[in-house]
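**Q** Sharing a structure here in structure tokens format.
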Amino acid sequence: MAASISAPTRIVGIATILILIENSKSFTELWTSPRARRNSFVEFGSSTSSASDHVGNNDTSVWKALLDRFQGDFDNYNQVLHDRKKGLLPREGGGHEHIHCSLVPVSETARLAAFYFDGVPGAIFRFRLYDLIPVDESTIDTVLYTLHPELERRLRRCPDPSSWPLFFEEFGVKGRVQLLPKCDVRWSWVLDPVQHDYALDEVPNGLHAVMVHGEALVESQMMPGQKILIKDQLSLWPDELWIHDRGFDPDTMRFIYGNQRGVPYRLERVTDIALNNGRTIVQEDLAWTLGPDFRSEGEYQDKMVAVGGGSRPTK
């Protein structure tokens with residue numbers, strides 16, 4: 001004889017089902033209306049585990065993996081050291097500049113990004129705001145913004161990026177960022193065999209991105225008045241960020257920046273940065289790239305000598 005179910009139990013069971021259905025409906029609406037978020041920062045839940053410990057694969061949510069990995073400090077010093085040992089100098093020499101990237105969460109879905117040369121965080125050459133927006137269950141767009149010049153100045157005066165979210169919030173919403181048109185990139189687990197040919201032989205748990213519009217024409221921040229045609233692809237593993245960013249003179253297609261052998265900048269994870277919870281160093285041998293507070297002057301000079309000096313462009 002089948003066991004009977006009491007009325008209170010049935011009521012609780014029905015209530016639970018209704019809650020699950022309602023939550024499922026909200027989740028579906030979120031994914032089917034992603035464009036509503038292009039001008040706002042809606043916060044979603046994110047993983048609290050370290051990106052350095054996360055093992056991504058194609059069964060893992062793109063959204064979860066990107067939120068988990070797309071944060072922290074990354075640096076390509078080891079790539080530069082390898083280049084110099086092979087006689088490859090920056091730019092025309094076929095090698096890479098020494099570049100550091102800090103990705104600082106200012107909300108669950110938005111990242112302040114800063115880029116600097118040669119382990120000198122006091123000489124940032126590029127700020128960006130990246131906003132992550134779901135397109136569907138398998139792709140995520142990153143929308144790019146520049147920062148208000150005054151906000152940039154305030155951030156430059158603060159040596160600790162973990163304090164940047166407070167500066168960003170205190171600046172206020174109006175006018176603090178400006179959209180970079182047609183610079184969106186789209187992330188997925190899919191590796192494009194042409195655009196990501198540099199990663200064909202790499203481990204398969206990478207997230208990969210291409211420009212939504214293929215390329216973009218923007219004004220250079222380092223060379224005001226100079227228009228640059230940008231082509232970019234990215235790949236992101238738990239502990240590495242590869243940036244294949246190239247800029248060209250749109251009239252002559254002369255290289256302005258980027259690796260001229262078609263080899264992306266291979267940045268290794270140095271830290272994890274949690275929202276409002278500071279930095280955690282995960283690769284001690286690259287901690288010196290975080291700035292003077294993390295090294296002695298002698299150590300810094302030794303590192304620079306090993307790669308033949310600084311790599312920052314002089315013009």
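Residue numbers start at 1 in each chain; chains themselves are named A, B, ... in the order of the structure tokens; ligands are numbered from 1 in the order shown.
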Could you go through stretch 160-279 of chain A and tell me which residues DSSP, when run on the backbone, assigns to helix (DSSP H, G or I), listing them as a PyMOL selection string?

**A** chain A and resi 161-170+197-199

**Q** Restricting it to N, CA and C atoms, dump the selection as a compact mmCIF listing (two decimals), in the first residue's frame.

**A**
# COMPACT_ATOMS: atom_id res chain seq x y z
N PRO A 161 45.24 49.46 -5.55
CA PRO A 161 44.04 49.27 -6.38
C PRO A 161 42.84 48.72 -5.62
N SER A 162 43.07 48.04 -4.51
CA SER A 162 41.93 47.51 -3.76
C SER A 162 41.09 48.64 -3.16
N SER A 163 41.62 49.87 -3.16
CA SER A 163 40.85 51.03 -2.69
C SER A 163 40.08 51.71 -3.82
N TRP A 164 40.32 51.31 -5.05
CA TRP A 164 39.70 51.99 -6.19
C TRP A 164 38.18 51.91 -6.20
N PRO A 165 37.57 50.79 -5.78
CA PRO A 165 36.10 50.77 -5.80
C PRO A 165 35.47 51.91 -5.00
N LEU A 166 36.10 52.29 -3.89
CA LEU A 166 35.57 53.40 -3.09
C LEU A 166 35.67 54.71 -3.86
N PHE A 167 36.81 54.96 -4.52
CA PHE A 167 36.97 56.17 -5.32
C PHE A 167 35.95 56.19 -6.46
N PHE A 168 35.75 55.04 -7.06
CA PHE A 168 34.82 54.93 -8.19
C PHE A 168 33.40 55.26 -7.73
N GLU A 169 33.01 54.72 -6.58
CA GLU A 169 31.66 54.96 -6.07
C GLU A 169 31.48 56.41 -5.65
N GLU A 170 32.48 56.98 -4.98
CA GLU A 170 32.36 58.35 -4.49
C GLU A 170 32.33 59.38 -5.60
N ASP A 197 44.23 31.07 -33.33
CA ASP A 197 45.16 30.02 -33.75
C ASP A 197 46.35 29.89 -32.81
N TYR A 198 46.66 30.96 -32.08
CA TYR A 198 47.76 30.94 -31.12
C TYR A 198 47.49 29.99 -29.95
N ALA A 199 46.23 29.59 -29.75
CA ALA A 199 45.87 28.77 -28.59
C ALA A 199 45.45 27.36 -28.97

**Q** I'd like the contact shell of A:Gly72 - 9 Å cut-off, only C-alpha atoms, skipping same-chain residues fewer than 3 positions apart - returned as a PyMOL selection string.

**A** chain A and resi 51+69+101-105+269-274+279-280

**Q** Go ahead and save the residues from that selection, with C-alpha atoms, as a tab-separated table (two decimals), in the first residue's frame.

**A**
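As written to disk, selection-v6.tsv reads:
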chain	number	residue	atom	x	y	z
A	51	ALA	CA	40.37	31.91	-9.54
A	69	ARG	CA	38.75	34.47	-13.53
A	101	CYS	CA	47.26	44.46	-16.01
A	102	SER	CA	45.19	45.04	-12.87
A	103	LEU	CA	41.51	44.01	-13.03
A	104	VAL	CA	39.74	45.42	-9.98
A	105	PRO	CA	36.10	44.48	-9.28
A	269	ARG	CA	48.21	35.69	-12.63
A	270	VAL	CA	49.98	37.45	-9.77
A	271	THR	CA	47.03	38.08	-7.43
A	272	ASP	CA	43.37	37.47	-6.88
A	273	ILE	CA	41.34	40.60	-6.09
A	274	ALA	CA	38.00	40.08	-4.37
A	279	ARG	CA	44.51	41.42	-2.88
A	280	THR	CA	45.83	37.93	-2.33

**Q** Please report the interatomic distance between atom CA of A:Asp285 and atom CA of A:Leu112 in Å with one decimal.

**A** 24.5 Å

**Q** Give one line per residue of stretch 136-172 of chain A that approaches stretch 182-196 of chain A to at most 10 Å, naming the two atoms of the closest pair and their distance in Å to one decimal, counting only C-alpha atoms; sort by chain then ascending residue number and deliver it as JSON lines.

**A**
{"residue": "A:Glu137", "atom": "CA", "partner": "A:Ser188", "partner_atom": "CA", "distance": 9.4}
{"residue": "A:Ser138", "atom": "CA", "partner": "A:Ser188", "partner_atom": "CA", "distance": 6.0}
{"residue": "A:Thr139", "atom": "CA", "partner": "A:Ser188", "partner_atom": "CA", "distance": 4.8}
{"residue": "A:Ile140", "atom": "CA", "partner": "A:Trp187", "partner_atom": "CA", "distance": 5.0}
{"residue": "A:Asp141", "atom": "CA", "partner": "A:Arg186", "partner_atom": "CA", "distance": 4.4}
{"residue": "A:Thr142", "atom": "CA", "partner": "A:Val185", "partner_atom": "CA", "distance": 5.3}
{"residue": "A:Val143", "atom": "CA", "partner": "A:Asp184", "partner_atom": "CA", "distance": 4.7}
{"residue": "A:Leu144", "atom": "CA", "partner": "A:Asp184", "partner_atom": "CA", "distance": 6.1}
{"residue": "A:Tyr145", "atom": "CA", "partner": "A:Cys183", "partner_atom": "CA", "distance": 8.9}

**Q** For the selection just defined, write its residues with N, CA and C atoms to a file, as a PDB file, in the first residue's frame.

**A**
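Everything below was put into part-v2.pdb:
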ATOM      1  N   GLU A 137      23.153  31.879 -22.721  1.00  0.00           N
ATOM      2  CA  GLU A 137      23.758  30.988 -21.737  1.00  0.00           C
ATOM      3  C   GLU A 137      25.178  30.568 -22.092  1.00  0.00           C
ATOM      4  N   SER A 138      25.630  30.870 -23.308  1.00  0.00           N
ATOM      5  CA  SER A 138      26.962  30.422 -23.710  1.00  0.00           C
ATOM      6  C   SER A 138      27.906  31.554 -24.076  1.00  0.00           C
ATOM      7  N   THR A 139      27.430  32.800 -24.070  1.00  0.00           N
ATOM      8  CA  THR A 139      28.283  33.927 -24.443  1.00  0.00           C
ATOM      9  C   THR A 139      28.052  35.117 -23.522  1.00  0.00           C
ATOM     10  N   ILE A 140      29.147  35.840 -23.271  1.00  0.00           N
ATOM     11  CA  ILE A 140      29.126  37.038 -22.427  1.00  0.00           C
ATOM     12  C   ILE A 140      29.818  38.168 -23.178  1.00  0.00           C
ATOM     13  N   ASP A 141      29.201  39.336 -23.216  1.00  0.00           N
ATOM     14  CA  ASP A 141      29.846  40.506 -23.804  1.00  0.00           C
ATOM     15  C   ASP A 141      30.547  41.321 -22.726  1.00  0.00           C
ATOM     16  N   THR A 142      31.693  41.886 -23.086  1.00  0.00           N
ATOM     17  CA  THR A 142      32.355  42.880 -22.260  1.00  0.00           C
ATOM     18  C   THR A 142      32.266  44.209 -22.990  1.00  0.00           C
ATOM     19  N   VAL A 143      31.594  45.174 -22.371  1.00  0.00           N
ATOM     20  CA  VAL A 143      31.446  46.504 -22.945  1.00  0.00           C
ATOM     21  C   VAL A 143      32.520  47.399 -22.332  1.00  0.00           C
ATOM     22  N   LEU A 144      33.222  48.154 -23.175  1.00  0.00           N
ATOM     23  CA  LEU A 144      34.372  48.944 -22.742  1.00  0.00           C
ATOM     24  C   LEU A 144      34.016  50.416 -22.608  1.00  0.00           C
ATOM     25  N   TYR A 145      34.571  51.031 -21.563  1.00  0.00           N
ATOM     26  CA  TYR A 145      34.380  52.457 -21.311  1.00  0.00           C
ATOM     27  C   TYR A 145      35.723  53.095 -20.956  1.00  0.00           C
TER      28      TYR A 145
END

**Q** List the spatial neighbours of A:Ala306 as a list in words - criterion: any atom at most 9 Å away, only C-alpha atoms, same-chain residues fewer than 4 positions off excluded.

**A**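 Counting only C-alpha atoms, the residues come to Leu81, Arg84, Gln301 and Asp302 of chain A.
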